[in-house]
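K.L.:
One structure is given below, represented as structure tokens, and several questions about it will come after.
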Amino acid sequence: MRSDVAIVGAGVIGWSIAAHLLRIKPNLRVEVLDALPSFGMGSTGKAAGGVRAQFGTEINVDLSLYSIMRFEELQEKTDIGFRQYGYLFVATSDETDSYLDLITPMQRQRGVPVERLTRQQVAELAPYLNTQDVVSGSFSRADGYLDPYAVCQAFEREARALGALARYGKSIDALPGATTVVIAAGHWSASVGQFLDLELPVSPEKHQLAMTESAPGLPGRLPMVVDLATSFHFRKEGERLLIGYNDPLGDPNESTEAFDFGFLERMAEVGLHRLPLLENVGFDTKKCWAGFYAETPDHHAIIDRIGDVVVCTGFGGHGIMHSPAAGQAAAELVLYGHSSTFDLSPLRLARFAEEDLTHEPMVI
Ligand SMILES: Cc1cc2nc3c(=O)[nH]c(=O)nc-3n(C[C@H](O)[C@H](O)[C@H](O)COP(=O)(O)OP(=O)(O)OC[C@H]3O[C@@H](n4cnc5c(N)ncnc54)[C@H](O)[C@@H]3O)c2cc1C
């Protein structure tokens, strides 16, 4: 029987859309198609799991606030590893300090419990950091991190229990006849768009993460810490640290997922300055990996409906944290042609042709 909705992409976004569609309309015929043999095998399985509402644009703050509420509810029902230990952004220049001054009132006004911290307060909150060159910080206790795969699995289980069909190992050529097609193909979305005669400015950008060996001496409730000057960031994973860094010598256009071990040395140089205890901690080289962000020119997602196609992609480094909001928004576009939960105008596809872009500067 012909499906009502065929979703291309069985990552966190595709399965979130399926679950949200079936929550609203339980008898809908929904299929989720993926070229890979199971769900969550694209960028979803490569993410660090950071969740924050500290963004520089209203739409990204709104997507996060909605999603954080949903993650809190989900964590009550099933363990998605959601730890709201906060996100601490550290500014080391007048420029980044002024930028935090500029955006935190907007964040607060929209409901983010964000605090501006002096250098002294940063040192008190995070005594393990070298704060000699720190000017100030910003901290939201509602932010944190979770297990990306567990979130995808929770959406997949819910959607399948409500009747969604999964078709794995099937590429876009096997797209079933459906009333509406949803493109949720992550960093592959441009080629899926091409197949459906849509030009999508989404391209892959390589990012890497490294896991340390056990790192004693850190508090249990360690926030995600982000050094705004260098993008060096870390959070706890058990007794270890999961560390990210936008390596200026790495090639973001490189197309292989192979981990570049030169990254460790370059990142350690930057990281040792901010987190001196790294001096005594080794890396677990079997647990270092690379993956791809699905990037757009303005670092915002595309959530839009064009005829019978709904596009929900281009989430950069934010697709896990925005997955509940994206699922709700895309489900509304499928069912009603517009979203009543979000003002999606900043995320429309036409913004690129109209050159009406708003850039998100708080990207790591
Ligand atoms: C190193 C790294 C760290 C990250 N850290 C974070 C973080 O801390 N917080 C956060 O929120 N996000 C983070 N992200 C981003 C996050 O992983 C993505 O935004 C998110 O996973 C996007 O989900 P998706 O479902 O859109 O894409 P994907 O998970 O990539 O899923 C897309 C699916 O589409 C399928 N597909 C593609 N083409 C076709 C086709 N032609 N036919 C059929 N199927 C197709 C693929 O097989 C894939 O399974 C990180 C990403 C990386 C790489």
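Each chain in the structure tokens gets a letter, A, B, ..., in the order shown, and its residues are numbered from 1; ligands are numbered from 1 in order too.
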Could the residues that lie within 6 Å of ligand 1, counting only C-alpha atoms and all ligand atoms, be listed as a PyMOL selection string?
P.N.:
chain A and resi 8-14+33-36+40-44+46-51+170-172+184-188+192+207-209+290-293+313+315-321
K.L.:
Please write the residues from the selection above to a file, keeping C-alpha atoms, as a JSON list (two decimals), in the first residue's frame.
P.N.:
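Just written: result-v1.json:
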```
[["chain", "number", "residue", "atom", "x", "y", "z"],
["A", 8, "VAL", "CA", 14.76, 9.52, 3.75],
["A", 9, "GLY", "CA", 17.27, 9.13, 6.59],
["A", 10, "ALA", "CA", 17.10, 6.98, 9.71],
["A", 11, "GLY", "CA", 19.18, 9.26, 11.90],
["A", 12, "VAL", "CA", 17.95, 11.15, 14.95],
["A", 13, "ILE", "CA", 16.12, 13.67, 12.74],
["A", 14, "GLY", "CA", 14.33, 11.12, 10.54],
["A", 33, "LEU", "CA", 14.27, 4.59, 4.46],
["A", 34, "ASP", "CA", 18.03, 4.39, 4.93],
["A", 35, "ALA", "CA", 20.88, 3.20, 2.73],
["A", 36, "LEU", "CA", 22.71, 1.84, 5.80],
["A", 40, "GLY", "CA", 21.77, 6.10, 13.79],
["A", 41, "MET", "CA", 24.74, 5.01, 11.66],
["A", 42, "GLY", "CA", 25.37, 8.43, 10.07],
["A", 43, "SER", "CA", 26.41, 11.54, 12.04],
["A", 44, "THR", "CA", 24.01, 10.63, 14.85],
["A", 46, "LYS", "CA", 29.36, 10.25, 15.94],
["A", 47, "ALA", "CA", 28.06, 13.16, 18.05],
["A", 48, "ALA", "CA", 29.37, 14.38, 21.40],
["A", 49, "GLY", "CA", 25.84, 14.76, 22.76],
["A", 50, "GLY", "CA", 26.13, 18.38, 23.91],
["A", 51, "VAL", "CA", 22.80, 20.14, 24.58],
["A", 170, "LYS", "CA", 17.54, 0.86, 0.65],
["A", 171, "SER", "CA", 18.77, 3.91, -1.14],
["A", 172, "ILE", "CA", 16.80, 6.79, -2.55],
["A", 184, "ALA", "CA", 16.33, 14.02, 6.58],
["A", 185, "ALA", "CA", 19.53, 12.68, 5.07],
["A", 186, "GLY", "CA", 22.05, 14.71, 7.09],
["A", 187, "HIS", "CA", 25.21, 15.63, 5.22],
["A", 188, "TRP", "CA", 24.10, 13.58, 2.20],
["A", 192, "VAL", "CA", 18.92, 13.38, -2.12],
["A", 207, "HIS", "CA", 34.98, 17.15, 12.80],
["A", 208, "GLN", "CA", 36.93, 14.99, 15.26],
["A", 209, "LEU", "CA", 36.56, 13.89, 18.88],
["A", 290, "ALA", "CA", 35.81, 11.60, 13.01],
["A", 291, "GLY", "CA", 32.40, 12.40, 11.55],
["A", 292, "PHE", "CA", 30.67, 15.00, 9.45],
["A", 293, "TYR", "CA", 28.47, 17.98, 10.24],
["A", 313, "THR", "CA", 18.41, 18.98, 7.42],
["A", 315, "PHE", "CA", 21.86, 20.93, 11.55],
["A", 316, "GLY", "CA", 25.63, 21.32, 11.71],
["A", 317, "GLY", "CA", 26.78, 20.42, 15.23],
["A", 318, "HIS", "CA", 23.27, 20.82, 16.70],
["A", 319, "GLY", "CA", 21.14, 18.02, 15.25],
["A", 320, "ILE", "CA", 20.95, 15.90, 18.38],
["A", 321, "MET", "CA", 20.10, 18.80, 20.67]]
```
K.L.:
Can you pull out the residues contacting Asn27 in chain A? Cut-off 10 Å, using only C-alpha atoms, and skip same-chain residues under 2 positions away; I want them as a PyMOL selection string.
P.N.:
chain A and resi 4+21-25+29-30+162-164
K.L.:
I need the residues in range 8-153 of chain A that are strand (DSSP E) according to DSSP; give them as a PDB file with N, CA and C atoms, in the first residue's frame.
P.N.:
```pdb
ATOM      1  N   VAL A   8      13.445  10.015   4.183  1.00  0.00           N
ATOM      2  CA  VAL A   8      14.764   9.520   3.746  1.00  0.00           C
ATOM      3  C   VAL A   8      15.780   9.901   4.823  1.00  0.00           C
ATOM      4  N   VAL A  30       3.699   5.630   7.681  1.00  0.00           N
ATOM      5  CA  VAL A  30       5.012   6.294   7.636  1.00  0.00           C
ATOM      6  C   VAL A  30       6.106   5.255   7.392  1.00  0.00           C
ATOM      7  N   GLU A  31       6.969   5.539   6.417  1.00  0.00           N
ATOM      8  CA  GLU A  31       8.133   4.660   6.175  1.00  0.00           C
ATOM      9  C   GLU A  31       9.407   5.466   6.366  1.00  0.00           C
ATOM     10  N   VAL A  32      10.414   4.846   6.968  1.00  0.00           N
ATOM     11  CA  VAL A  32      11.722   5.483   7.114  1.00  0.00           C
ATOM     12  C   VAL A  32      12.733   4.646   6.341  1.00  0.00           C
ATOM     13  N   LEU A  33      13.391   5.296   5.395  1.00  0.00           N
ATOM     14  CA  LEU A  33      14.275   4.591   4.460  1.00  0.00           C
ATOM     15  C   LEU A  33      15.719   4.990   4.744  1.00  0.00           C
ATOM     16  N   ASP A  34      16.616   4.019   4.754  1.00  0.00           N
ATOM     17  CA  ASP A  34      18.026   4.385   4.925  1.00  0.00           C
ATOM     18  C   ASP A  34      18.912   3.438   4.116  1.00  0.00           C
ATOM     19  N   GLY A  50      26.331  17.100  23.212  1.00  0.00           N
ATOM     20  CA  GLY A  50      26.132  18.379  23.907  1.00  0.00           C
ATOM     21  C   GLY A  50      24.743  18.944  23.634  1.00  0.00           C
ATOM     22  N   VAL A  51      24.146  19.532  24.684  1.00  0.00           N
ATOM     23  CA  VAL A  51      22.804  20.140  24.576  1.00  0.00           C
ATOM     24  C   VAL A  51      22.874  21.505  25.235  1.00  0.00           C
ATOM     25  N   TYR A  87      26.580  24.281  30.747  1.00  0.00           N
ATOM     26  CA  TYR A  87      27.581  24.574  29.707  1.00  0.00           C
ATOM     27  C   TYR A  87      28.272  25.843  30.168  1.00  0.00           C
ATOM     28  N   LEU A  88      29.581  25.815  30.211  1.00  0.00           N
ATOM     29  CA  LEU A  88      30.352  26.995  30.604  1.00  0.00           C
ATOM     30  C   LEU A  88      31.151  27.488  29.400  1.00  0.00           C
ATOM     31  N   PHE A  89      30.814  28.681  28.900  1.00  0.00           N
ATOM     32  CA  PHE A  89      31.601  29.304  27.831  1.00  0.00           C
ATOM     33  C   PHE A  89      32.607  30.245  28.476  1.00  0.00           C
ATOM     34  N   VAL A  90      33.855  30.154  28.041  1.00  0.00           N
ATOM     35  CA  VAL A  90      34.919  30.966  28.623  1.00  0.00           C
ATOM     36  C   VAL A  90      35.438  31.951  27.576  1.00  0.00           C
ATOM     37  N   ALA A  91      35.414  33.247  27.928  1.00  0.00           N
ATOM     38  CA  ALA A  91      35.902  34.289  27.008  1.00  0.00           C
ATOM     39  C   ALA A  91      37.276  34.754  27.463  1.00  0.00           C
ATOM     40  N   VAL A 114      20.617  31.842  31.921  1.00  0.00           N
ATOM     41  CA  VAL A 114      22.051  32.052  31.698  1.00  0.00           C
ATOM     42  C   VAL A 114      22.604  33.110  32.658  1.00  0.00           C
ATOM     43  N   GLU A 115      23.789  32.841  33.168  1.00  0.00           N
ATOM     44  CA  GLU A 115      24.442  33.795  34.082  1.00  0.00           C
ATOM     45  C   GLU A 115      25.727  34.275  33.434  1.00  0.00           C
ATOM     46  N   ARG A 116      26.045  35.556  33.616  1.00  0.00           N
ATOM     47  CA  ARG A 116      27.357  36.063  33.202  1.00  0.00           C
ATOM     48  C   ARG A 116      28.280  35.955  34.401  1.00  0.00           C
ATOM     49  N   LEU A 117      29.480  35.440  34.186  1.00  0.00           N
ATOM     50  CA  LEU A 117      30.412  35.216  35.289  1.00  0.00           C
ATOM     51  C   LEU A 117      31.664  36.063  35.123  1.00  0.00           C
ATOM     52  N   THR A 118      32.166  36.565  36.225  1.00  0.00           N
ATOM     53  CA  THR A 118      33.465  37.246  36.207  1.00  0.00           C
ATOM     54  C   THR A 118      34.560  36.174  36.173  1.00  0.00           C
ATOM     55  N   SER A 136      35.932  36.570  31.175  1.00  0.00           N
ATOM     56  CA  SER A 136      34.622  36.322  31.773  1.00  0.00           C
ATOM     57  C   SER A 136      34.080  34.995  31.255  1.00  0.00           C
ATOM     58  N   GLY A 137      32.860  34.668  31.678  1.00  0.00           N
ATOM     59  CA  GLY A 137      32.242  33.434  31.195  1.00  0.00           C
ATOM     60  C   GLY A 137      30.733  33.578  31.137  1.00  0.00           C
ATOM     61  N   SER A 138      30.083  32.593  30.542  1.00  0.00           N
ATOM     62  CA  SER A 138      28.620  32.516  30.647  1.00  0.00           C
ATOM     63  C   SER A 138      28.277  31.060  30.940  1.00  0.00           C
ATOM     64  N   PHE A 139      27.227  30.891  31.743  1.00  0.00           N
ATOM     65  CA  PHE A 139      26.898  29.547  32.226  1.00  0.00           C
ATOM     66  C   PHE A 139      25.386  29.388  32.297  1.00  0.00           C
ATOM     67  N   SER A 140      24.876  28.286  31.755  1.00  0.00           N
ATOM     68  CA  SER A 140      23.460  27.951  31.949  1.00  0.00           C
ATOM     69  C   SER A 140      23.370  26.563  32.549  1.00  0.00           C
ATOM     70  N   GLY A 144      23.580  20.838  29.092  1.00  0.00           N
ATOM     71  CA  GLY A 144      24.274  19.621  29.537  1.00  0.00           C
ATOM     72  C   GLY A 144      24.605  18.727  28.366  1.00  0.00           C
ATOM     73  N   TYR A 145      24.471  17.436  28.561  1.00  0.00           N
ATOM     74  CA  TYR A 145      24.777  16.495  27.482  1.00  0.00           C
ATOM     75  C   TYR A 145      23.986  15.205  27.688  1.00  0.00           C
TER      76      TYR A 145
END
```
K.L.:
Using only C-alpha atoms, pick whichever of A:Arg266, A:His20, A:Arg141, A:Arg110 has the shortest atom-to-atom distance to Phe55 in chain A.
P.N.:
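Of the candidates, the smallest distance to Phe55 in chain A is held by A:Arg110.
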K.L.:
Please identify all polymer residues within 9 Å of range 228-239 of chain A, counting only C-alpha atoms, omitting same-chain residues fewer than 4 positions from it, and present them as number ranges by chain.
P.N.:
A: 48, 50, 89-93, 96, 144-145, 211, 213-216, 218, 220-224, 243-247, 267, 270-271, 274, 362-364
K.L.:
What would the file look like if the residues just selected were written as a short mmCIF file (atom, residue, chain, number, x, y, z; two decimals), in the first residue's frame with N, CA and C atoms?
P.N.:
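This went into again36.cif:
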```cif
data_model
loop_
_atom_site.label_atom_id
_atom_site.label_comp_id
_atom_site.auth_asym_id
_atom_site.auth_seq_id
_atom_site.Cartn_x
_atom_site.Cartn_y
_atom_site.Cartn_z
N ALA A 48 28.90 14.27 20.01
CA ALA A 48 29.37 14.38 21.40
C ALA A 48 28.20 14.43 22.38
N GLY A 50 26.33 17.10 23.21
CA GLY A 50 26.13 18.38 23.91
C GLY A 50 24.74 18.94 23.63
N PHE A 89 30.81 28.68 28.90
CA PHE A 89 31.60 29.30 27.83
C PHE A 89 32.61 30.25 28.48
N VAL A 90 33.85 30.15 28.04
CA VAL A 90 34.92 30.97 28.62
C VAL A 90 35.44 31.95 27.58
N ALA A 91 35.41 33.25 27.93
CA ALA A 91 35.90 34.29 27.01
C ALA A 91 37.28 34.75 27.46
N THR A 92 38.20 34.88 26.51
CA THR A 92 39.57 35.31 26.87
C THR A 92 39.98 36.59 26.16
N SER A 93 39.03 37.21 25.46
CA SER A 93 39.38 38.48 24.80
C SER A 93 38.24 39.47 25.03
N THR A 96 35.27 38.60 22.61
CA THR A 96 34.32 37.53 22.98
C THR A 96 33.54 37.91 24.24
N GLY A 144 23.58 20.84 29.09
CA GLY A 144 24.27 19.62 29.54
C GLY A 144 24.60 18.73 28.37
N TYR A 145 24.47 17.44 28.56
CA TYR A 145 24.78 16.50 27.48
C TYR A 145 23.99 15.20 27.69
N MET A 211 38.85 10.71 23.02
CA MET A 211 38.55 10.26 24.39
C MET A 211 39.86 10.09 25.14
N GLU A 213 42.11 8.69 28.55
CA GLU A 213 42.08 7.64 29.57
C GLU A 213 41.42 8.26 30.80
N SER A 214 41.32 7.51 31.87
CA SER A 214 40.71 8.03 33.09
C SER A 214 41.40 9.34 33.53
N ALA A 215 40.58 10.33 33.88
CA ALA A 215 41.12 11.65 34.27
C ALA A 215 40.70 11.96 35.69
N PRO A 216 41.47 11.48 36.70
CA PRO A 216 41.05 11.69 38.08
C PRO A 216 41.15 13.17 38.49
N LEU A 218 38.58 15.33 38.75
CA LEU A 218 37.54 16.23 38.24
C LEU A 218 36.23 15.95 38.98
N GLY A 220 32.28 15.20 39.83
CA GLY A 220 31.31 14.33 39.16
C GLY A 220 30.42 15.11 38.21
N ARG A 221 29.96 16.28 38.69
CA ARG A 221 29.03 17.09 37.88
C ARG A 221 29.82 18.14 37.09
N LEU A 222 30.60 17.68 36.15
CA LEU A 222 31.42 18.59 35.35
C LEU A 222 30.57 19.15 34.20
N PRO A 223 30.50 20.48 34.05
CA PRO A 223 29.74 20.99 32.90
C PRO A 223 30.50 20.74 31.60
N MET A 224 29.84 20.95 30.47
CA MET A 224 30.57 21.02 29.19
C MET A 224 31.28 22.37 29.22
N ILE A 243 36.78 15.05 24.23
CA ILE A 243 37.30 16.38 23.88
C ILE A 243 37.11 16.66 22.39
N GLY A 244 36.66 17.87 22.09
CA GLY A 244 36.54 18.31 20.70
C GLY A 244 37.34 19.58 20.48
N TYR A 245 37.64 19.84 19.22
CA TYR A 245 38.47 21.01 18.90
C TYR A 245 38.39 21.21 17.38
N ASN A 246 38.12 22.44 16.94
CA ASN A 246 38.10 22.71 15.50
C ASN A 246 39.52 23.02 15.06
N ASP A 247 40.21 21.98 14.71
CA ASP A 247 41.63 22.04 14.38
C ASP A 247 41.86 22.91 13.13
N MET A 267 45.60 19.54 19.34
CA MET A 267 44.57 19.84 20.32
C MET A 267 45.15 19.87 21.73
N VAL A 270 46.71 23.23 22.71
CA VAL A 270 45.71 24.23 23.09
C VAL A 270 45.05 23.84 24.41
N GLY A 271 44.74 22.54 24.53
CA GLY A 271 44.00 22.05 25.69
C GLY A 271 44.79 22.12 26.98
N ARG A 274 44.45 25.38 28.77
CA ARG A 274 43.18 25.65 29.48
C ARG A 274 42.95 24.65 30.61
N MET A 362 27.62 31.29 17.39
CA MET A 362 27.99 30.41 18.51
C MET A 362 28.10 28.97 18.04
N VAL A 363 29.03 28.71 17.09
CA VAL A 363 29.19 27.34 16.60
C VAL A 363 30.53 26.79 17.06
N ILE A 364 30.54 25.52 17.42
CA ILE A 364 31.83 24.89 17.78
C ILE A 364 31.98 23.60 16.99
#
```
K.L.:
Name the residues of range 68-292 of chain A that come out as helix (DSSP H, G or I) in a backbone DSSP run; write them as a PyMOL selection string.
P.N.:
chain A and resi 68-77+94-110+119-125+148-161+172-174+186-195+262-274+276-280
K.L.:
Got a sec: who's within 7 Å of Arg119 in chain A, counting only C-alpha atoms, leaving out chain neighbours fewer than 4 positions off, as a PyMOL selection string?
P.N.:
chain A and resi 123+131+134-136
K.L.:
With N, CA and C atoms retained, could you export that selection as a PDB file, in the first residue's frame?
P.N.:
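Listed below is the output, result31.pdb:
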```
ATOM      1  N   ALA A 123      36.599  30.876  37.967  1.00  0.00           N
ATOM      2  CA  ALA A 123      37.604  30.118  38.734  1.00  0.00           C
ATOM      3  C   ALA A 123      36.950  29.333  39.871  1.00  0.00           C
ATOM      4  N   THR A 131      42.640  29.971  34.615  1.00  0.00           N
ATOM      5  CA  THR A 131      41.807  31.150  34.343  1.00  0.00           C
ATOM      6  C   THR A 131      42.634  32.437  34.271  1.00  0.00           C
ATOM      7  N   VAL A 134      41.539  34.446  31.462  1.00  0.00           N
ATOM      8  CA  VAL A 134      40.086  34.487  31.249  1.00  0.00           C
ATOM      9  C   VAL A 134      39.559  35.879  31.588  1.00  0.00           C
ATOM     10  N   VAL A 135      38.691  36.409  30.730  1.00  0.00           N
ATOM     11  CA  VAL A 135      38.084  37.720  30.985  1.00  0.00           C
ATOM     12  C   VAL A 135      36.737  37.525  31.685  1.00  0.00           C
ATOM     13  N   SER A 136      35.932  36.570  31.175  1.00  0.00           N
ATOM     14  CA  SER A 136      34.622  36.322  31.773  1.00  0.00           C
ATOM     15  C   SER A 136      34.080  34.995  31.255  1.00  0.00           C
TER      16      SER A 136
END
```
K.L.:
Can you list every residue of range 122-168 of chain A that has an atom at most 12 Å from range 62-71 of chain A, with its nearest atom pair and the distance in Å to one decimal, using only C-alpha atoms, ordered by chain then number, as CSV?
P.N.:
```
residue,atom,partner,partner_atom,distance
A:Ser140,CA,A:Leu65,CA,11.7
A:Arg141,CA,A:Ile68,CA,11.6
A:Ala142,CA,A:Ile68,CA,7.8
A:Asp143,CA,A:Ile68,CA,7.8
A:Gly144,CA,A:Ile68,CA,9.4
A:Tyr145,CA,A:Ile68,CA,10.2
A:Leu146,CA,A:Phe71,CA,9.0
A:Asp147,CA,A:Phe71,CA,11.0
A:Pro148,CA,A:Phe71,CA,11.3
A:Ala150,CA,A:Phe71,CA,11.3
A:Val151,CA,A:Phe71,CA,8.6
A:Cys152,CA,A:Phe71,CA,11.8
A:Ala154,CA,A:Phe71,CA,10.7
A:Phe155,CA,A:Phe71,CA,11.4
```
K.L.:
Can you spit out the residues from that selection as a compact mmCIF listing (two decimals), in the first residue's frame, using C-alpha atoms?
P.N.:
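Saved file out.txt follows:
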```
# COMPACT_ATOMS: atom_id res chain seq x y z
CA SER A 140 23.46 27.95 31.95
CA ARG A 141 22.63 25.20 34.42
CA ALA A 142 19.82 23.83 32.18
CA ASP A 143 22.31 22.86 29.46
CA GLY A 144 24.27 19.62 29.54
CA TYR A 145 24.78 16.50 27.48
CA LEU A 146 23.17 13.15 26.69
CA ASP A 147 23.65 9.91 24.79
CA PRO A 148 22.88 10.65 21.09
CA ALA A 150 19.88 6.52 23.04
CA VAL A 151 17.85 9.53 21.86
CA CYS A 152 17.68 8.17 18.30
CA ALA A 154 13.97 6.24 21.83
CA PHE A 155 12.41 7.97 18.79
```
K.L.:
Enter the distance from CA of Ala331 in chain A to CA of Ile306 in chain A, in Å, rounded to one decimal.
P.N.:
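Computing it gives 14.0 Å between the two atoms.
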